[in-house]
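> Next comes work.json, JSON, C-alpha atoms and all ligand atoms:
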[["chain", "number", "residue", "atom", "x", "y", "z"],
["A", 712, "MET", "CA", 64.73, -14.50, 17.20],
["A", 713, "THR", "CA", 61.77, -14.31, 14.83],
["A", 714, "ARG", "CA", 61.87, -11.29, 12.54],
["A", 715, "HIS", "CA", 58.63, -9.57, 11.57],
["A", 716, "PHE", "CA", 57.97, -6.88, 8.93],
["A", 717, "LEU", "CA", 55.31, -4.58, 10.31],
["A", 718, "ARG", "CA", 56.77, -1.23, 9.29],
["A", 719, "ASP", "CA", 59.46, -0.13, 6.87],
["A", 720, "ASP", "CA", 62.07, 0.49, 9.56],
["A", 721, "ASP", "CA", 61.86, -3.11, 10.78],
["A", 722, "LEU", "CA", 64.69, -3.60, 8.25],
["A", 723, "THR", "CA", 67.95, -1.73, 8.83],
["A", 724, "PRO", "CA", 69.44, 0.07, 5.82],
["A", 725, "ALA", "CA", 71.83, -2.85, 5.23],
["A", 726, "GLU", "CA", 69.00, -5.39, 5.55],
["A", 727, "GLN", "CA", 66.73, -3.43, 3.21],
["A", 728, "ALA", "CA", 69.55, -3.43, 0.63],
["A", 729, "GLU", "CA", 69.99, -7.22, 1.11],
["A", 730, "VAL", "CA", 66.29, -7.81, 0.45],
["A", 731, "LEU", "CA", 66.33, -5.56, -2.64],
["A", 732, "ASP", "CA", 69.45, -7.29, -3.99],
["A", 733, "LEU", "CA", 67.81, -10.68, -3.50],
["A", 734, "ALA", "CA", 64.62, -9.40, -5.16],
["A", 735, "ALA", "CA", 66.59, -8.28, -8.21],
["A", 736, "ARG", "CA", 68.28, -11.68, -8.42],
["A", 737, "MET", "CA", 64.99, -13.53, -8.01],
["A", 738, "LYS", "CA", 63.37, -11.41, -10.69],
["A", 739, "ARG", "CA", 65.98, -12.82, -13.10],
["A", 740, "ASP", "CA", 65.85, -16.32, -11.59],
["A", 741, "PRO", "CA", 62.35, -16.90, -10.09],
["A", 742, "TYR", "CA", 63.18, -20.22, -8.41],
["A", 743, "LEU", "CA", 66.63, -19.22, -7.08],
["A", 744, "VAL", "CA", 65.64, -20.10, -3.50],
["A", 745, "ARG", "CA", 62.67, -22.23, -2.42],
["A", 746, "PRO", "CA", 62.53, -22.00, 1.38],
["A", 747, "LEU", "CA", 58.87, -23.08, 1.45],
["A", 748, "ALA", "CA", 59.45, -26.35, -0.44],
["A", 749, "GLY", "CA", 57.64, -29.16, 1.30],
["A", 750, "PRO", "CA", 55.32, -27.44, 0.69],
["A", 751, "ARG", "CA", 54.98, -25.31, 3.81],
["A", 752, "THR", "CA", 51.88, -23.14, 4.09],
["A", 753, "VAL", "CA", 51.76, -19.35, 4.47],
["A", 754, "ALA", "CA", 48.50, -17.87, 5.76],
["A", 755, "VAL", "CA", 47.43, -14.64, 4.04],
["A", 756, "PHE", "CA", 44.53, -12.88, 5.81],
["A", 757, "PHE", "CA", 42.55, -9.98, 4.34],
["A", 758, "ASP", "CA", 40.32, -7.64, 6.35],
["A", 759, "LYS", "CA", 40.23, -5.28, 3.33],
["A", 760, "THR", "CA", 39.94, -5.85, -0.42],
["A", 761, "SER", "CA", 43.02, -6.43, -2.61],
["A", 762, "THR", "CA", 44.12, -7.39, -6.10],
["A", 763, "ARG", "CA", 47.91, -6.91, -6.26],
["A", 764, "THR", "CA", 48.74, -7.98, -2.72],
["A", 765, "ARG", "CA", 46.57, -11.07, -2.91],
["A", 766, "VAL", "CA", 47.87, -12.26, -6.27],
["A", 767, "SER", "CA", 51.51, -11.37, -5.65],
["A", 768, "PHE", "CA", 51.63, -13.16, -2.29],
["A", 769, "ALA", "CA", 49.77, -16.22, -3.58],
["A", 770, "THR", "CA", 52.01, -16.45, -6.65],
["A", 771, "GLY", "CA", 55.18, -15.67, -4.74],
["A", 772, "ILE", "CA", 54.50, -18.27, -2.04],
["A", 773, "ALA", "CA", 53.94, -20.89, -4.75],
["A", 774, "ASP", "CA", 57.17, -19.84, -6.53],
["A", 775, "LEU", "CA", 59.02, -20.33, -3.22],
["A", 776, "GLY", "CA", 57.77, -23.93, -3.14],
["A", 777, "GLY", "CA", 55.02, -23.23, -0.62],
["A", 778, "SER", "CA", 51.27, -23.39, -0.43],
["A", 779, "PRO", "CA", 49.36, -20.11, 0.00],
["A", 780, "LEU", "CA", 46.26, -20.14, 2.17],
["A", 781, "VAL", "CA", 44.31, -16.96, 1.40],
["A", 782, "VAL", "CA", 41.61, -16.26, 3.99],
["A", 783, "GLU", "CA", 38.96, -13.54, 3.99],
["A", 784, "SER", "CA", 39.00, -12.53, 7.63],
["A", 785, "GLN", "CA", 35.23, -12.28, 7.88],
["A", 786, "SER", "CA", 35.01, -15.97, 6.99],
["A", 787, "SER", "CA", 37.34, -16.81, 9.91],
["A", 788, "GLN", "CA", 37.15, -16.39, 13.69],
["A", 789, "LEU", "CA", 39.59, -13.46, 13.48],
["A", 790, "GLY", "CA", 38.05, -10.03, 13.93],
["A", 791, "GLY", "CA", 35.92, -9.94, 17.02],
["A", 792, "LYS", "CA", 35.12, -13.58, 17.61],
["A", 793, "GLU", "CA", 38.59, -14.77, 18.66],
["A", 794, "SER", "CA", 41.44, -12.64, 19.96],
["A", 795, "ILE", "CA", 44.39, -11.80, 17.74],
["A", 796, "ALA", "CA", 46.74, -13.36, 20.31],
["A", 797, "ASP", "CA", 44.87, -16.68, 20.32],
["A", 798, "THR", "CA", 44.77, -16.65, 16.51],
["A", 799, "ALA", "CA", 48.56, -16.19, 16.42],
["A", 800, "ARG", "CA", 49.09, -19.05, 18.91],
["A", 801, "VAL", "CA", 47.13, -21.40, 16.64],
["A", 802, "LEU", "CA", 48.57, -20.23, 13.32],
["A", 803, "GLU", "CA", 52.22, -20.41, 14.39],
["A", 804, "ARG", "CA", 51.82, -24.18, 14.94],
["A", 805, "MET", "CA", 50.66, -24.73, 11.37],
["A", 806, "VAL", "CA", 52.15, -22.19, 9.00],
["A", 807, "ALA", "CA", 55.59, -20.85, 8.09],
["A", 808, "ALA", "CA", 54.53, -17.20, 8.09],
["A", 809, "ILE", "CA", 51.48, -14.97, 8.56],
["A", 810, "VAL", "CA", 50.63, -12.18, 6.12],
["A", 811, "TRP", "CA", 47.83, -9.83, 7.18],
["A", 812, "ARG", "CA", 46.06, -6.81, 5.63],
["A", 813, "THR", "CA", 44.14, -5.04, 8.35],
["A", 814, "TYR", "CA", 43.10, -1.71, 9.84],
["A", 815, "ALA", "CA", 45.01, -0.91, 13.06],
["A", 816, "GLN", "CA", 48.78, -1.32, 13.22],
["A", 817, "SER", "CA", 48.29, -2.35, 16.87],
["A", 818, "GLY", "CA", 46.58, -5.53, 15.67],
["A", 819, "LEU", "CA", 49.67, -6.50, 13.68],
["A", 820, "GLU", "CA", 51.83, -5.76, 16.70],
["A", 821, "GLU", "CA", 49.66, -8.05, 18.83],
["A", 822, "MET", "CA", 49.84, -10.79, 16.20],
["A", 823, "ALA", "CA", 53.64, -10.50, 16.03],
["A", 824, "ALA", "CA", 54.02, -10.43, 19.81],
["A", 825, "ASN", "CA", 52.29, -13.80, 20.01],
["A", 826, "SER", "CA", 53.81, -15.51, 16.97],
["A", 827, "ARG", "CA", 57.04, -17.46, 16.62],
["A", 828, "VAL", "CA", 56.70, -17.32, 12.83],
["A", 829, "PRO", "CA", 57.24, -14.10, 10.84],
["A", 830, "VAL", "CA", 54.27, -11.71, 10.59],
["A", 831, "ILE", "CA", 54.17, -9.45, 7.52],
["A", 832, "ASN", "CA", 52.09, -6.27, 7.20],
["A", 833, "ALA", "CA", 50.21, -6.48, 3.90],
["A", 834, "LEU", "CA", 48.82, -2.93, 4.54],
["A", 835, "SER", "CA", 47.45, -1.31, 7.64],
["A", 836, "ASP", "CA", 45.90, 2.12, 8.15],
["A", 837, "GLU", "CA", 49.37, 3.35, 9.18],
["A", 838, "PHE", "CA", 51.86, 1.62, 6.84],
["A", 839, "HIS", "CA", 52.20, -0.36, 3.58],
["A", 840, "PRO", "CA", 55.82, -1.53, 3.79],
["A", 841, "CYS", "CA", 55.63, -4.32, 1.17],
["A", 842, "GLN", "CA", 54.58, -1.72, -1.39],
["A", 843, "ILE", "CA", 57.61, 0.44, -0.59],
["A", 844, "LEU", "CA", 60.00, -2.48, -1.11],
["A", 845, "ALA", "CA", 58.49, -2.95, -4.58],
["A", 846, "ASP", "CA", 58.72, 0.79, -5.23],
["A", 847, "LEU", "CA", 62.38, 0.92, -4.19],
["A", 848, "LEU", "CA", 63.16, -2.05, -6.45],
["A", 849, "THR", "CA", 61.44, -0.22, -9.32],
["A", 850, "ILE", "CA", 63.32, 3.02, -8.68],
["A", 851, "ARG", "CA", 66.62, 1.12, -8.59],
["A", 852, "GLU", "CA", 65.79, -0.48, -11.94],
["A", 853, "HIS", "CA", 64.96, 2.83, -13.60],
["A", 854, "LYS", "CA", 67.53, 5.07, -11.90],
["A", 855, "GLY", "CA", 70.32, 2.64, -11.06],
["A", 856, "THR", "CA", 70.52, 3.78, -7.45],
["A", 857, "LEU", "CA", 68.46, 4.93, -4.45],
["A", 858, "ALA", "CA", 70.68, 6.91, -2.07],
["A", 859, "GLY", "CA", 70.78, 10.59, -2.89],
["A", 860, "LEU", "CA", 67.70, 10.60, -5.13],
["A", 861, "THR", "CA", 64.75, 12.88, -4.33],
["A", 862, "LEU", "CA", 61.37, 11.21, -3.87],
["A", 863, "ALA", "CA", 58.31, 13.50, -3.78],
["A", 864, "TYR", "CA", 54.93, 12.22, -2.57],
["A", 865, "VAL", "CA", 51.92, 14.53, -2.85],
["A", 866, "GLY", "CA", 48.30, 14.10, -1.77],
["A", 867, "ASP", "CA", 47.05, 12.45, 1.42],
["A", 868, "ALA", "CA", 50.15, 12.99, 3.55],
["A", 869, "ALA", "CA", 48.53, 11.33, 6.57],
["A", 870, "ASN", "CA", 47.97, 7.92, 5.01],
["A", 871, "ASN", "CA", 49.79, 4.59, 5.01],
["A", 872, "MET", "CA", 51.73, 5.31, 1.80],
["A", 873, "ALA", "CA", 53.03, 8.67, 3.05],
["A", 874, "HIS", "CA", 54.23, 7.07, 6.28],
["A", 875, "SER", "CA", 55.90, 4.19, 4.50],
["A", 876, "TYR", "CA", 57.65, 6.47, 1.98],
["A", 877, "LEU", "CA", 59.00, 8.50, 4.89],
["A", 878, "LEU", "CA", 60.45, 5.48, 6.69],
["A", 879, "GLY", "CA", 61.40, 3.34, 3.69],
["A", 880, "GLY", "CA", 62.83, 6.21, 1.66],
["A", 881, "ALA", "CA", 64.91, 7.48, 4.58],
["A", 882, "THR", "CA", 66.17, 3.93, 5.18],
["A", 883, "ALA", "CA", 67.35, 3.85, 1.55],
["A", 884, "GLY", "CA", 69.20, 7.17, 2.01],
["A", 885, "MET", "CA", 66.78, 9.12, -0.19],
["A", 886, "HIS", "CA", 65.65, 12.72, 0.17],
["A", 887, "VAL", "CA", 61.96, 12.29, 0.95],
["A", 888, "ARG", "CA", 59.56, 15.18, 0.41],
["A", 889, "VAL", "CA", 55.90, 14.87, 1.41],
["A", 890, "ALA", "CA", 53.23, 17.50, 0.67],
["A", 891, "GLY", "CA", 49.58, 17.46, 1.65],
["A", 892, "PRO", "CA", 46.95, 19.78, 3.11],
["A", 893, "ALA", "CA", 47.59, 21.11, 6.62],
["A", 894, "THR", "CA", 44.69, 18.96, 7.79],
["A", 895, "HIS", "CA", 46.31, 15.76, 6.46],
["A", 896, "GLN", "CA", 49.95, 15.79, 7.52],
["A", 897, "PRO", "CA", 51.96, 12.71, 8.56],
["A", 898, "ASP", "CA", 52.08, 11.45, 12.14],
["A", 899, "PRO", "CA", 54.81, 13.54, 13.84],
["A", 900, "ALA", "CA", 56.20, 10.40, 15.50],
["A", 901, "VAL", "CA", 56.75, 8.81, 12.07],
["A", 902, "VAL", "CA", 58.38, 12.00, 10.77],
["A", 903, "ALA", "CA", 60.71, 12.01, 13.78],
["A", 904, "ASP", "CA", 61.63, 8.37, 13.15],
["A", 905, "ALA", "CA", 62.28, 9.13, 9.47],
["A", 906, "GLU", "CA", 64.48, 12.12, 10.38],
["A", 907, "ARG", "CA", 66.50, 9.99, 12.78],
["A", 908, "ILE", "CA", 67.01, 7.31, 10.09],
["A", 909, "ALA", "CA", 67.86, 9.91, 7.42],
["A", 910, "ALA", "CA", 70.50, 11.44, 9.67],
["A", 911, "ALA", "CA", 72.28, 8.07, 9.67],
["A", 912, "THR", "CA", 71.80, 7.20, 5.98],
["A", 913, "GLY", "CA", 72.60, 10.59, 4.44],
["A", 914, "GLY", "CA", 69.02, 11.13, 3.34],
["A", 915, "SER", "CA", 66.68, 13.90, 4.41],
["A", 916, "VAL", "CA", 63.02, 14.53, 5.19],
["A", 917, "HIS", "CA", 60.89, 17.52, 4.26],
["A", 918, "VAL", "CA", 57.20, 17.73, 5.09],
["A", 919, "GLY", "CA", 54.99, 20.62, 3.94],
["A", 920, "THR", "CA", 51.82, 21.74, 2.22],
["A", 921, "ASP", "CA", 53.10, 23.00, -1.18],
["A", 922, "PRO", "CA", 52.99, 20.32, -3.90],
["A", 923, "ARG", "CA", 55.07, 22.46, -6.29],
["A", 924, "GLU", "CA", 57.84, 22.88, -3.75],
["A", 925, "ALA", "CA", 57.85, 19.13, -3.12],
["A", 926, "VAL", "CA", 57.95, 18.11, -6.80],
["A", 927, "SER", "CA", 60.46, 20.70, -8.07],
["A", 928, "GLY", "CA", 63.52, 18.89, -9.38],
["A", 929, "ALA", "CA", 62.43, 15.54, -7.92],
["A", 930, "ASP", "CA", 63.64, 12.25, -9.43],
["A", 931, "VAL", "CA", 60.53, 10.30, -8.49],
["A", 932, "VAL", "CA", 56.99, 11.70, -8.14],
["A", 933, "LEU", "CA", 54.36, 9.61, -6.36],
["A", 934, "THR", "CA", 50.79, 9.89, -5.26],
["A", 935, "ASP", "CA", 48.03, 7.65, -3.95],
["A", 936, "THR", "CA", 44.25, 7.57, -3.76],
["A", 937, "TRP", "CA", 42.66, 10.43, -1.84],
["A", 938, "VAL", "CA", 40.19, 7.97, -0.26],
["A", 939, "SER", "CA", 41.88, 5.02, 1.39],
["A", 940, "MET", "CA", 40.09, 1.83, 2.37],
["A", 941, "GLY", "CA", 37.99, 2.55, 5.45],
["A", 942, "GLN", "CA", 37.57, 6.26, 4.60],
["A", 943, "GLU", "CA", 34.71, 5.89, 2.12],
["A", 944, "ALA", "CA", 32.30, 7.94, 4.27],
["A", 945, "GLU", "CA", 34.63, 10.95, 3.94],
["A", 946, "LYS", "CA", 34.85, 10.72, 0.16],
["A", 947, "ALA", "CA", 33.10, 14.00, -0.82],
["A", 948, "GLU", "CA", 35.05, 16.03, 1.72],
["A", 949, "ARG", "CA", 38.36, 14.43, 0.70],
["A", 950, "LEU", "CA", 37.87, 15.03, -3.03],
["A", 951, "ARG", "CA", 37.33, 18.71, -2.22],
["A", 952, "LEU", "CA", 40.29, 18.98, 0.18],
["A", 953, "PHE", "CA", 42.89, 17.39, -2.09],
["A", 954, "THR", "CA", 41.96, 19.10, -5.40],
["A", 955, "ASP", "CA", 45.17, 21.16, -5.54],
["A", 956, "TYR", "CA", 47.31, 18.05, -5.18],
["A", 957, "GLN", "CA", 46.52, 16.30, -8.47],
["A", 958, "VAL", "CA", 49.66, 15.16, -10.29],
["A", 959, "ASP", "CA", 48.93, 16.59, -13.73],
["A", 960, "ASP", "CA", 51.25, 17.65, -16.55],
["A", 961, "ALA", "CA", 51.86, 21.05, -14.97],
["A", 962, "LEU", "CA", 52.90, 19.63, -11.60],
["A", 963, "PHE", "CA", 54.87, 16.69, -13.03],
["A", 964, "GLY", "CA", 56.58, 19.17, -15.39],
["A", 965, "LEU", "CA", 58.31, 20.75, -12.39],
["A", 966, "ALA", "CA", 60.16, 17.51, -11.64],
["A", 967, "ASP", "CA", 63.51, 16.57, -13.15],
["A", 968, "ASP", "CA", 63.33, 15.98, -16.92],
["A", 969, "GLU", "CA", 64.12, 12.31, -16.33],
["A", 970, "ALA", "CA", 61.70, 11.90, -13.41],
["A", 971, "VAL", "CA", 59.47, 8.84, -13.23],
["A", 972, "PHE", "CA", 55.88, 8.74, -11.98],
["A", 973, "MET", "CA", 54.73, 6.02, -9.58],
["A", 974, "HIS", "CA", 51.45, 5.02, -7.93],
["A", 975, "CYS", "CA", 50.80, 1.95, -5.79],
["A", 976, "LEU", "CA", 47.42, 1.44, -7.55],
["A", 977, "PRO", "CA", 44.48, 1.24, -7.73],
["A", 978, "ALA", "CA", 44.48, 4.72, -9.34],
["A", 979, "TYR", "CA", 41.64, 7.15, -9.91],
["A", 980, "ARG", "CA", 42.37, 9.11, -13.08],
["A", 981, "GLY", "CA", 41.14, 12.68, -12.91],
["A", 982, "TYR", "CA", 41.51, 12.79, -9.13],
["A", 983, "GLU", "CA", 44.98, 12.22, -7.66],
["A", 984, "VAL", "CA", 46.59, 11.84, -11.11],
["A", 985, "SER", "CA", 45.71, 12.88, -14.65],
["A", 986, "ALA", "CA", 45.44, 10.18, -17.32],
["A", 987, "SER", "CA", 48.16, 12.02, -19.27],
["A", 988, "VAL", "CA", 50.68, 11.40, -16.46],
["A", 989, "ILE", "CA", 49.80, 7.87, -15.34],
["A", 990, "ASP", "CA", 49.40, 6.66, -18.91],
["A", 991, "GLY", "CA", 52.31, 8.76, -20.14],
["A", 992, "PRO", "CA", 55.84, 7.74, -21.19],
["A", 993, "ARG", "CA", 57.47, 8.35, -17.80],
["A", 994, "SER", "CA", 54.96, 6.35, -15.76],
["A", 995, "VAL", "CA", 56.45, 3.12, -14.38],
["A", 996, "VAL", "CA", 53.35, 1.93, -12.53],
["A", 997, "TRP", "CA", 53.16, -1.48, -14.27],
["A", 998, "ASP", "CA", 56.77, -2.31, -13.40],
["A", 999, "GLU", "CA", 55.95, -1.15, -9.87],
["A", 1000, "ALA", "CA", 52.95, -3.50, -9.66],
["A", 1001, "GLU", "CA", 54.97, -6.45, -11.02],
["A", 1002, "ASN", "CA", 57.71, -5.82, -8.50],
["A", 1003, "ARG", "CA", 55.33, -6.57, -5.64],
["A", 1004, "LEU", "CA", 55.87, -10.22, -6.59],
["A", 1005, "HIS", "CA", 59.67, -10.12, -6.66],
["A", 1006, "ALA", "CA", 60.08, -7.92, -3.59],
["A", 1007, "GLN", "CA", 57.76, -10.04, -1.43],
["A", 1008, "LYS", "CA", 59.38, -13.31, -2.49],
["A", 1009, "ALA", "CA", 62.73, -11.88, -1.42],
["A", 1010, "LEU", "CA", 61.24, -10.55, 1.82],
["A", 1011, "LEU", "CA", 59.71, -13.93, 2.70],
["A", 1012, "ALA", "CA", 62.94, -15.77, 1.87],
["A", 1013, "TRP", "CA", 64.95, -13.27, 3.92],
["A", 1014, "LEU", "CA", 62.66, -13.46, 6.96],
["A", 1015, "LEU", "CA", 62.60, -17.26, 6.85],
["A", 1016, "SER", "CA", 66.41, -17.36, 6.76],
["A", 1017, "HIS", "CA", 66.65, -15.10, 9.85],
["A", 1018, "GLU", "CA", 64.44, -17.11, 12.24],
["B", 1101, "LIG", "N1", 48.87, -1.59, -4.16],
["B", 1101, "LIG", "C1", 48.11, -2.50, -3.52],
["B", 1101, "LIG", "O1", 48.36, -2.85, -2.37],
["B", 1101, "LIG", "O2", 47.10, -3.01, -4.28],
["B", 1101, "LIG", "P1", 45.93, -3.98, -3.78],
["B", 1101, "LIG", "O3", 45.07, -3.15, -2.86],
["B", 1101, "LIG", "O4", 45.21, -4.38, -5.03],
["B", 1101, "LIG", "O5", 46.53, -5.14, -3.06],
["B", 1102, "LIG", "N1", 46.19, 4.23, 0.75],
["B", 1102, "LIG", "C1", 45.52, 3.17, 0.04],
["B", 1102, "LIG", "C2", 46.51, 2.20, -0.53],
["B", 1102, "LIG", "C3", 45.91, 1.11, -1.35],
["B", 1102, "LIG", "C4", 46.90, 0.10, -1.84],
["B", 1102, "LIG", "C5", 44.56, 2.46, 0.97],
["B", 1102, "LIG", "O1", 44.91, 2.23, 2.13],
["B", 1102, "LIG", "O2", 43.44, 2.17, 0.55]]
Produce structure tokens that represent the structure in this file.


Amino acid sequence: MTRHFLRDDDLTPAEQAEVLDLAARMKRDPYLVRPLAGPRTVAVFFDKTSTRTRVSFATGIADLGGSPLVVESQSSQLGGKESIADTARVLERMVAAIVWRTYAQSGLEEMAANSRVPVINALSDEFHPCQILADLLTIREHKGTLAGLTLAYVGDAANNMAHSYLLGGATAGMHVRVAGPATHQPDPAVVADAERIAAATGGSVHVGTDPREAVSGADVVLTDTWVSMGQEAEKAERLRLFTDYQVDDALFGLADDEAVFMHCLPAYRGYEVSASVIDGPRSVVWDEAENRLHAQKALLAWLLSHE
């Protein structure tokens, strides 16, 4: 049966570990497996802007022996003119996999329901699971392990990154803490899913409003933009609401002495993070960005070997 990757818990804990192990091996040996040799094409659709996701998928698909076809959705029939289901029925006859950055998660679900080739979520309003695979790979590199570590995310607790850290971190057996304003808390259904996963992996989930409580003693501190793509009209209100959640030296200083700072990027210095933290000695954001490439190559190879 075709496997898709629409949210972080589409991989079981054992499968997530397999993908991360393969990613680590492929980082050392970039052409270890070439399942797209032929070359087979992978379609990569963007409804929103992107730098890292676009370049890492295009490069990774080429490394796997394939041919990336990057499409701006507005230049295609997708997005109003032709249904998602009909698009999937056409694409599956031509390409090895479909990668899509879009707004609603339900669109990805419709694409996957109508596709016999793997569909990968390259960011939706609800989740950004490819980013979390890269983040977990980065944490493993810097900390040597995942299970048992405490991951603290502060800021917009209702966004795609917060949801993916909850699911992906719990899958890895981590203690996931999320803090954001009472008005911007995670979807309770996602929290419930993360709690259920954590109960099986030995991890835990804590959701609250106090950034200091979340960061205290944490091994990994993360944040994200306060204004996600599609929320630009709310910018002024959001900058006001999230002021107390900036990761600055005082907040980061509450974390473990060996804690690392991470951010999926793009970052807005002086808003969600101070320049002193993101450009400081314990920031691993450039490793994190590079690992998008390795993690996604492993993910693609894994999905293509489980069809
Ligand atoms: N982190 C991330 O997804 O970056 P892009 O928006 O540049 O793809
Ligand atoms: N939460 C951000 C992540 C960007 C990679 C957004 O959706 O815009």

> Might you pull out every residue within 12 Å of Arg951 in chain A, with all atoms listed in the file counted and same-chain residues fewer than 6 positions away left off, and present them as an MDAnalysis selection string?

chainID A and resid 866 892 937:938 945 957 982:983

> What lies within 6 Å of range 994-1011 of chain A using all atoms listed in the file, ignoring chain neighbours under 2 positions off, as a ChimeraX atom specification?

/A:730,733-734,738,767,771,844-846,849,971-974,989,991-992,1013-1014

> With all atoms listed in the file as the basis for distance, which of A:Ala863, A:Val931, A:Val984, A:Leu834 is at the shortest distance from ligand LIG 1101 (chain B)?

A:Leu834

> Determine the nearest neighbour of Asp904 in chain A from the options A:Arg736, A:Arg851, A:Arg765, A:His874, counting all atoms listed in the file.

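Once distances to Asp904 in chain A are computed over all atoms listed in the file, the minimum belongs to A:His874.
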
> Box time for ligand LIG 1102 (chain B): axis-aligned, enclosing all its listed atoms, 4 Å extra on each side; report centre and edge lengths in Å to one decimal, as AutoDock Vina command-line options.


--center_x 45.2 --center_y 2.2 --center_z 0.1 --size_x 11.5 --size_y 12.1 --size_z 12.0

> Can I get range 801-815 of chain A with N, CA and C atoms filled in, as a compact mmCIF listing (two decimals), in the frame of the given file?


# COMPACT_ATOMS: atom_id res chain seq x y z
N VAL A 801 47.57 -20.25 17.45
CA VAL A 801 47.13 -21.40 16.64
C VAL A 801 47.90 -21.43 15.31
N LEU A 802 47.95 -20.27 14.65
CA LEU A 802 48.57 -20.23 13.32
C LEU A 802 50.04 -20.62 13.36
N GLU A 803 50.76 -20.17 14.37
CA GLU A 803 52.22 -20.41 14.39
C GLU A 803 52.54 -21.89 14.45
N ARG A 804 51.59 -22.72 14.88
CA ARG A 804 51.82 -24.18 14.94
C ARG A 804 51.59 -24.86 13.60
N MET A 805 51.04 -24.10 12.64
CA MET A 805 50.66 -24.73 11.37
C MET A 805 51.34 -24.12 10.15
N VAL A 806 51.67 -22.86 10.22
CA VAL A 806 52.15 -22.19 9.00
C VAL A 806 53.56 -21.64 9.20
N ALA A 807 54.21 -21.35 8.06
CA ALA A 807 55.59 -20.85 8.09
C ALA A 807 55.65 -19.35 8.31
N ALA A 808 54.58 -18.65 7.93
CA ALA A 808 54.53 -17.20 8.09
C ALA A 808 53.07 -16.75 8.01
N ILE A 809 52.83 -15.55 8.56
CA ILE A 809 51.48 -14.97 8.56
C ILE A 809 51.55 -13.62 7.85
N VAL A 810 50.72 -13.45 6.84
CA VAL A 810 50.63 -12.18 6.12
C VAL A 810 49.24 -11.62 6.40
N TRP A 811 49.15 -10.34 6.75
CA TRP A 811 47.83 -9.83 7.18
C TRP A 811 47.63 -8.41 6.70
N ARG A 812 46.53 -8.17 5.98
CA ARG A 812 46.06 -6.81 5.63
C ARG A 812 44.94 -6.46 6.58
N THR A 813 45.13 -5.37 7.33
CA THR A 813 44.14 -5.04 8.35
C THR A 813 44.00 -3.54 8.52
N TYR A 814 43.32 -3.14 9.56
CA TYR A 814 43.10 -1.71 9.84
C TYR A 814 44.19 -1.21 10.78
N ALA A 815 44.09 -1.50 12.07
CA ALA A 815 45.01 -0.91 13.06
C ALA A 815 46.37 -1.59 13.07
